[in-house]
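**Student:** Got a structure for you, structure_29.txt, holding compact mmCIF, N, CA and C atoms.
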```
# COMPACT_ATOMS: atom_id res chain seq x y z
N MET H 1 76.43 46.66 -21.84
CA MET H 1 75.30 46.26 -22.63
C MET H 1 74.92 47.43 -23.52
N GLY H 2 74.60 47.13 -24.77
CA GLY H 2 74.19 48.19 -25.67
C GLY H 2 74.19 47.73 -27.11
N ARG H 3 73.96 48.68 -28.03
CA ARG H 3 73.87 48.36 -29.45
C ARG H 3 75.22 48.20 -30.13
N GLN H 4 76.25 48.86 -29.64
CA GLN H 4 77.55 48.81 -30.32
C GLN H 4 78.25 47.48 -30.10
N ARG H 5 79.05 47.10 -31.09
CA ARG H 5 79.72 45.79 -31.07
C ARG H 5 80.74 45.65 -29.95
N HIS H 6 81.26 46.74 -29.40
CA HIS H 6 82.26 46.62 -28.35
C HIS H 6 81.67 46.14 -27.01
N ASN H 7 80.36 46.16 -26.88
CA ASN H 7 79.71 45.73 -25.63
C ASN H 7 79.83 44.21 -25.46
N ASP H 8 79.89 43.77 -24.21
CA ASP H 8 79.90 42.33 -23.93
C ASP H 8 78.56 41.69 -24.27
N LEU H 9 77.48 42.43 -24.10
CA LEU H 9 76.14 41.97 -24.47
C LEU H 9 75.59 42.97 -25.48
N VAL H 10 75.45 42.55 -26.73
CA VAL H 10 74.98 43.43 -27.80
C VAL H 10 73.49 43.18 -28.01
N VAL H 11 72.70 44.26 -27.98
CA VAL H 11 71.25 44.17 -28.13
C VAL H 11 70.84 45.09 -29.28
N GLN H 12 70.30 44.51 -30.35
CA GLN H 12 69.88 45.29 -31.51
C GLN H 12 68.41 45.67 -31.34
N ASP H 13 68.19 46.85 -30.80
CA ASP H 13 66.84 47.36 -30.56
C ASP H 13 66.94 48.88 -30.57
N ASN H 14 65.99 49.55 -31.23
CA ASN H 14 66.03 51.01 -31.32
C ASN H 14 65.91 51.72 -29.98
N ARG H 15 65.36 51.06 -28.97
CA ARG H 15 65.22 51.68 -27.65
C ARG H 15 66.51 51.57 -26.82
N VAL H 16 67.45 50.80 -27.31
CA VAL H 16 68.70 50.56 -26.59
C VAL H 16 69.77 51.53 -27.09
N SER H 17 70.45 52.18 -26.16
CA SER H 17 71.53 53.11 -26.51
C SER H 17 72.78 52.35 -26.95
N ARG H 18 73.69 53.06 -27.60
CA ARG H 18 74.93 52.43 -28.05
C ARG H 18 75.69 51.81 -26.88
N SER H 19 75.81 52.54 -25.78
CA SER H 19 76.39 52.02 -24.53
C SER H 19 75.33 52.26 -23.47
N HIS H 20 74.42 51.33 -23.32
CA HIS H 20 73.20 51.53 -22.54
C HIS H 20 73.43 51.45 -21.03
N ALA H 21 74.04 50.36 -20.59
CA ALA H 21 74.22 50.14 -19.15
C ALA H 21 75.42 49.22 -18.94
N ARG H 22 75.92 49.22 -17.71
CA ARG H 22 77.05 48.35 -17.40
C ARG H 22 76.96 47.90 -15.95
N PHE H 23 77.66 46.81 -15.65
CA PHE H 23 77.81 46.34 -14.28
C PHE H 23 79.20 46.69 -13.80
N GLU H 24 79.30 47.05 -12.53
CA GLU H 24 80.59 47.20 -11.86
C GLU H 24 80.54 46.39 -10.58
N TYR H 25 81.69 45.91 -10.15
CA TYR H 25 81.80 45.19 -8.89
C TYR H 25 82.53 46.10 -7.93
N ARG H 26 81.84 46.52 -6.86
CA ARG H 26 82.41 47.45 -5.89
C ARG H 26 82.18 46.94 -4.47
N LYS H 27 83.24 46.87 -3.72
CA LYS H 27 83.16 46.52 -2.30
C LYS H 27 82.29 45.29 -2.07
N GLY H 28 82.48 44.27 -2.89
CA GLY H 28 81.76 43.01 -2.71
C GLY H 28 80.34 42.98 -3.25
N LYS H 29 79.94 44.02 -3.99
CA LYS H 29 78.57 44.07 -4.53
C LYS H 29 78.61 44.44 -6.01
N PHE H 30 77.63 43.91 -6.75
CA PHE H 30 77.45 44.29 -8.15
C PHE H 30 76.53 45.50 -8.22
N VAL H 31 76.90 46.45 -9.05
CA VAL H 31 76.12 47.67 -9.23
C VAL H 31 75.78 47.80 -10.71
N LEU H 32 74.50 48.02 -11.01
CA LEU H 32 74.05 48.27 -12.38
C LEU H 32 74.01 49.78 -12.59
N ILE H 33 74.67 50.24 -13.64
CA ILE H 33 74.77 51.67 -13.92
C ILE H 33 74.12 51.95 -15.27
N ASP H 34 73.08 52.78 -15.25
CA ASP H 34 72.40 53.17 -16.49
C ASP H 34 73.10 54.39 -17.09
N GLN H 35 73.42 54.32 -18.38
CA GLN H 35 74.09 55.42 -19.09
C GLN H 35 73.28 55.81 -20.32
N SER H 36 72.00 55.48 -20.32
CA SER H 36 71.20 55.54 -21.55
C SER H 36 70.32 56.77 -21.64
N THR H 37 69.69 56.89 -22.79
CA THR H 37 68.68 57.91 -23.03
C THR H 37 67.31 57.46 -22.53
N ASN H 38 66.97 56.19 -22.76
CA ASN H 38 65.64 55.68 -22.45
C ASN H 38 65.51 54.98 -21.10
N GLY H 39 66.59 54.84 -20.37
CA GLY H 39 66.53 54.24 -19.04
C GLY H 39 66.58 52.72 -19.07
N THR H 40 66.70 52.16 -17.89
CA THR H 40 66.80 50.71 -17.70
C THR H 40 65.81 50.31 -16.61
N TYR H 41 64.96 49.35 -16.92
CA TYR H 41 64.00 48.83 -15.95
C TYR H 41 64.64 47.66 -15.22
N VAL H 42 64.55 47.66 -13.89
CA VAL H 42 65.13 46.59 -13.08
C VAL H 42 64.08 46.06 -12.11
N PHE H 43 63.94 44.75 -12.09
CA PHE H 43 63.08 44.10 -11.11
C PHE H 43 63.92 43.05 -10.39
N ILE H 44 64.06 43.21 -9.07
CA ILE H 44 64.76 42.24 -8.23
C ILE H 44 63.69 41.50 -7.45
N ARG H 45 63.73 40.16 -7.51
CA ARG H 45 62.70 39.36 -6.85
C ARG H 45 62.54 39.79 -5.39
N GLY H 46 61.29 39.99 -4.99
CA GLY H 46 60.98 40.40 -3.62
C GLY H 46 60.95 41.91 -3.43
N LYS H 47 61.22 42.67 -4.48
CA LYS H 47 61.21 44.13 -4.40
C LYS H 47 60.35 44.69 -5.53
N LYS H 48 60.05 45.98 -5.45
CA LYS H 48 59.31 46.64 -6.52
C LYS H 48 60.24 46.91 -7.69
N GLY H 49 59.68 46.83 -8.90
CA GLY H 49 60.46 47.19 -10.08
C GLY H 49 60.72 48.68 -10.10
N MET H 50 61.81 49.06 -10.74
CA MET H 50 62.13 50.49 -10.81
C MET H 50 62.81 50.82 -12.13
N ASN H 51 62.65 52.07 -12.52
CA ASN H 51 63.32 52.58 -13.72
C ASN H 51 64.54 53.38 -13.29
N LEU H 52 65.68 53.02 -13.84
CA LEU H 52 66.90 53.79 -13.63
C LEU H 52 67.11 54.68 -14.85
N LYS H 53 67.47 55.91 -14.62
CA LYS H 53 67.81 56.81 -15.72
C LYS H 53 69.00 57.64 -15.28
N GLN H 54 70.15 57.36 -15.90
CA GLN H 54 71.39 58.03 -15.52
C GLN H 54 71.63 57.87 -14.02
N ASP H 55 71.42 56.67 -13.52
CA ASP H 55 71.54 56.38 -12.09
C ASP H 55 72.12 54.99 -11.94
N GLU H 56 72.33 54.56 -10.70
CA GLU H 56 72.87 53.24 -10.45
C GLU H 56 72.14 52.58 -9.30
N LEU H 57 72.25 51.24 -9.26
CA LEU H 57 71.53 50.45 -8.27
C LEU H 57 72.33 49.20 -7.93
N PRO H 58 72.58 48.95 -6.63
CA PRO H 58 73.18 47.66 -6.26
C PRO H 58 72.18 46.55 -6.57
N VAL H 59 72.63 45.47 -7.21
CA VAL H 59 71.74 44.36 -7.55
C VAL H 59 72.22 43.09 -6.87
N HIS H 60 71.26 42.25 -6.52
CA HIS H 60 71.57 41.00 -5.82
C HIS H 60 70.45 40.01 -6.10
N GLY H 61 70.70 38.75 -5.80
CA GLY H 61 69.66 37.74 -5.96
C GLY H 61 69.28 37.51 -7.41
N ASN H 62 67.97 37.34 -7.63
CA ASN H 62 67.42 37.06 -8.97
C ASN H 62 66.59 38.23 -9.44
N GLY H 63 66.56 38.43 -10.75
CA GLY H 63 65.72 39.48 -11.28
C GLY H 63 65.78 39.55 -12.78
N ILE H 64 65.19 40.63 -13.30
CA ILE H 64 65.18 40.87 -14.74
C ILE H 64 65.54 42.33 -15.01
N ILE H 65 66.09 42.53 -16.20
CA ILE H 65 66.47 43.87 -16.65
C ILE H 65 65.83 44.09 -18.02
N GLY H 66 65.31 45.28 -18.22
CA GLY H 66 64.79 45.68 -19.52
C GLY H 66 65.52 46.92 -19.99
N LEU H 67 66.15 46.86 -21.12
CA LEU H 67 66.88 48.01 -21.66
C LEU H 67 65.94 48.87 -22.48
N GLY H 68 65.65 50.06 -21.95
CA GLY H 68 64.79 51.00 -22.67
C GLY H 68 63.31 50.73 -22.55
N ARG H 69 62.91 49.75 -21.76
CA ARG H 69 61.49 49.41 -21.64
C ARG H 69 61.24 48.59 -20.38
N LYS H 70 60.00 48.64 -19.90
CA LYS H 70 59.57 47.78 -18.81
C LYS H 70 59.35 46.38 -19.37
N VAL H 71 59.79 45.37 -18.65
CA VAL H 71 59.64 43.99 -19.10
C VAL H 71 59.04 43.15 -17.98
N THR H 72 58.50 42.00 -18.38
CA THR H 72 58.04 40.99 -17.43
C THR H 72 58.94 39.77 -17.62
N PRO H 73 58.87 38.81 -16.70
CA PRO H 73 59.72 37.61 -16.87
C PRO H 73 59.50 36.88 -18.19
N ASP H 74 58.30 37.00 -18.76
CA ASP H 74 57.99 36.31 -20.02
C ASP H 74 58.32 37.13 -21.26
N SER H 75 58.72 38.38 -21.09
CA SER H 75 59.04 39.23 -22.24
C SER H 75 60.27 38.71 -22.97
N PRO H 76 60.21 38.66 -24.30
CA PRO H 76 61.40 38.21 -25.04
C PRO H 76 62.59 39.15 -24.87
N GLN H 77 62.34 40.40 -24.48
CA GLN H 77 63.42 41.37 -24.30
C GLN H 77 64.02 41.33 -22.90
N ALA H 78 63.45 40.53 -22.00
CA ALA H 78 63.93 40.49 -20.61
C ALA H 78 65.31 39.84 -20.52
N ILE H 79 66.19 40.47 -19.78
CA ILE H 79 67.50 39.91 -19.46
C ILE H 79 67.41 39.39 -18.03
N HIS H 80 67.48 38.09 -17.87
CA HIS H 80 67.37 37.47 -16.55
C HIS H 80 68.75 37.41 -15.91
N PHE H 81 68.81 37.69 -14.60
CA PHE H 81 70.10 37.59 -13.92
C PHE H 81 69.95 36.87 -12.58
N THR H 82 71.03 36.24 -12.17
CA THR H 82 71.16 35.62 -10.85
C THR H 82 72.55 35.96 -10.34
N ILE H 83 72.60 36.58 -9.18
CA ILE H 83 73.88 36.90 -8.55
C ILE H 83 74.00 36.06 -7.29
N ILE H 84 75.05 35.28 -7.24
CA ILE H 84 75.24 34.34 -6.13
C ILE H 84 76.19 34.94 -5.11
```
Please rewrite the model in this file as structure tokens.

**Tutor:**
Amino acid sequence: MGRQRHNDLVVQDNRVSRSHARFEYRKGKFVLIDQSTNGTYVFIRGKKGMNLKQDELPVHGNGIIGLGRKVTPDSPQAIHFTII
């Protein structure tokens, strides 16, 4: 995810880095990896929201991601995810 066209999810926003964040699948789990300058906000349903900055987090269930900013479920910038 990021501003550059090579990303699978392209987001045109000044707060988003060229290659902002990515998902990896490791040992049966999805991991969100922040590679950005401004960080990535992650909220997983049933847990507290957190800011990742040059860090990674296993993600599961339902939640939202904000690239470079804190988001709420109603924010137009929120990226909603469901991992089954």

**Student:** Select, from H:Lys27, H:His6, H:Lys48, H:Arg15, the residue with the minimum atom-to-atom distance to Arg69 in chain H, counting all atoms listed in the file.

**Tutor:**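 Under the stated criterion, the closest residue is H:Arg15.
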
**Student:** State, in Å with one decimal place, the distance from atom C of Arg45 in chain H to atom N of Arg26 in chain H.

**Tutor:**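 Interatomic distance here is 20.5 Å.
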
**Student:** Adding 4 Å on each side of the box along x, y and z that holds all listed atoms of range 13-20 of chain H, could you give its centre and edge lengths in Å to one decimal, as AutoDock Vina command-line options?

**Tutor:**
```
--center_x 70.8 --center_y 50.0 --center_z -26.2 --size_x 19.2 --size_y 14.3 --size_z 18.3
```

**Student:** So the first atom is CA of Phe81 in chain H and the second is CA of Gly39 in chain H; what is the distance between them in Å, to one decimal place?

**Tutor:**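 CA of Phe81 in chain H sits 17.8 Å away from CA of Gly39 in chain H.
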
**Student:** Mind giving me the straight-line distance from atom C of Arg18 in chain H to atom N of Lys47 in chain H in Å, one decimal?

**Tutor:**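 A separation of 28.2 Å between them.
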
**Student:** Tell me which protein, DNA and RNA residues are within 5 Å of Val31 in chain H, counting all atoms listed in the file, leaving out same-chain ones fewer than 6 positions away, and put them as a PyMOL selection string.

**Tutor:** chain H and resi 23-25+57-59

**Student:** Between H:Gly46, H:Gln77, H:Asp13, H:His60, which residue has the minimum interatomic distance to Leu32 in chain H, considering all atoms listed in the file?

**Tutor:**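 Using all atoms listed in the file, Leu32 in chain H sits closest to H:His60.
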
**Student:** Using only C-alpha atoms, which of H:Gly61, H:Met1, H:Gly49, H:Asn14 sits nearest Ile33 in chain H?

**Tutor:**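 Result for the nearest residue to Ile33 in chain H: H:Met1.
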
**Student:** Any chance you could list, as a VMD selection string, the residues in chain H that come up strand (DSSP E or B) when DSSP is run on the backbone?

**Tutor:** chain H and resid 2 10 21 to 26 29 to 34 40 to 44 50 to 52 56 to 59 61 to 67 79 to 83

**Student:** Have a look at H:Lys29, H:Arg22, H:Arg3, H:His80 and name the one nearest to Ile64 in chain H; count only N, CA and C atoms.

**Tutor:**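 For Ile64 in chain H, the nearest of the given residues is H:His80.
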
**Student:** Can you work out which one of H:Gln4, H:Gly63, H:Glu56, H:Gly28 has the shortest atom-to-atom distance to Ile79 in chain H, counting all atoms listed in the file?

**Tutor:**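 Distance minimum relative to Ile79 in chain H lands on H:Gly63.
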
**Student:** Identify which of the residues H:Val10, H:Val42, H:Ile83, H:Ala21 lies closest to Val71 in chain H, counting all atoms listed in the file when measuring atom-to-atom distances.

**Tutor:** H:Val42
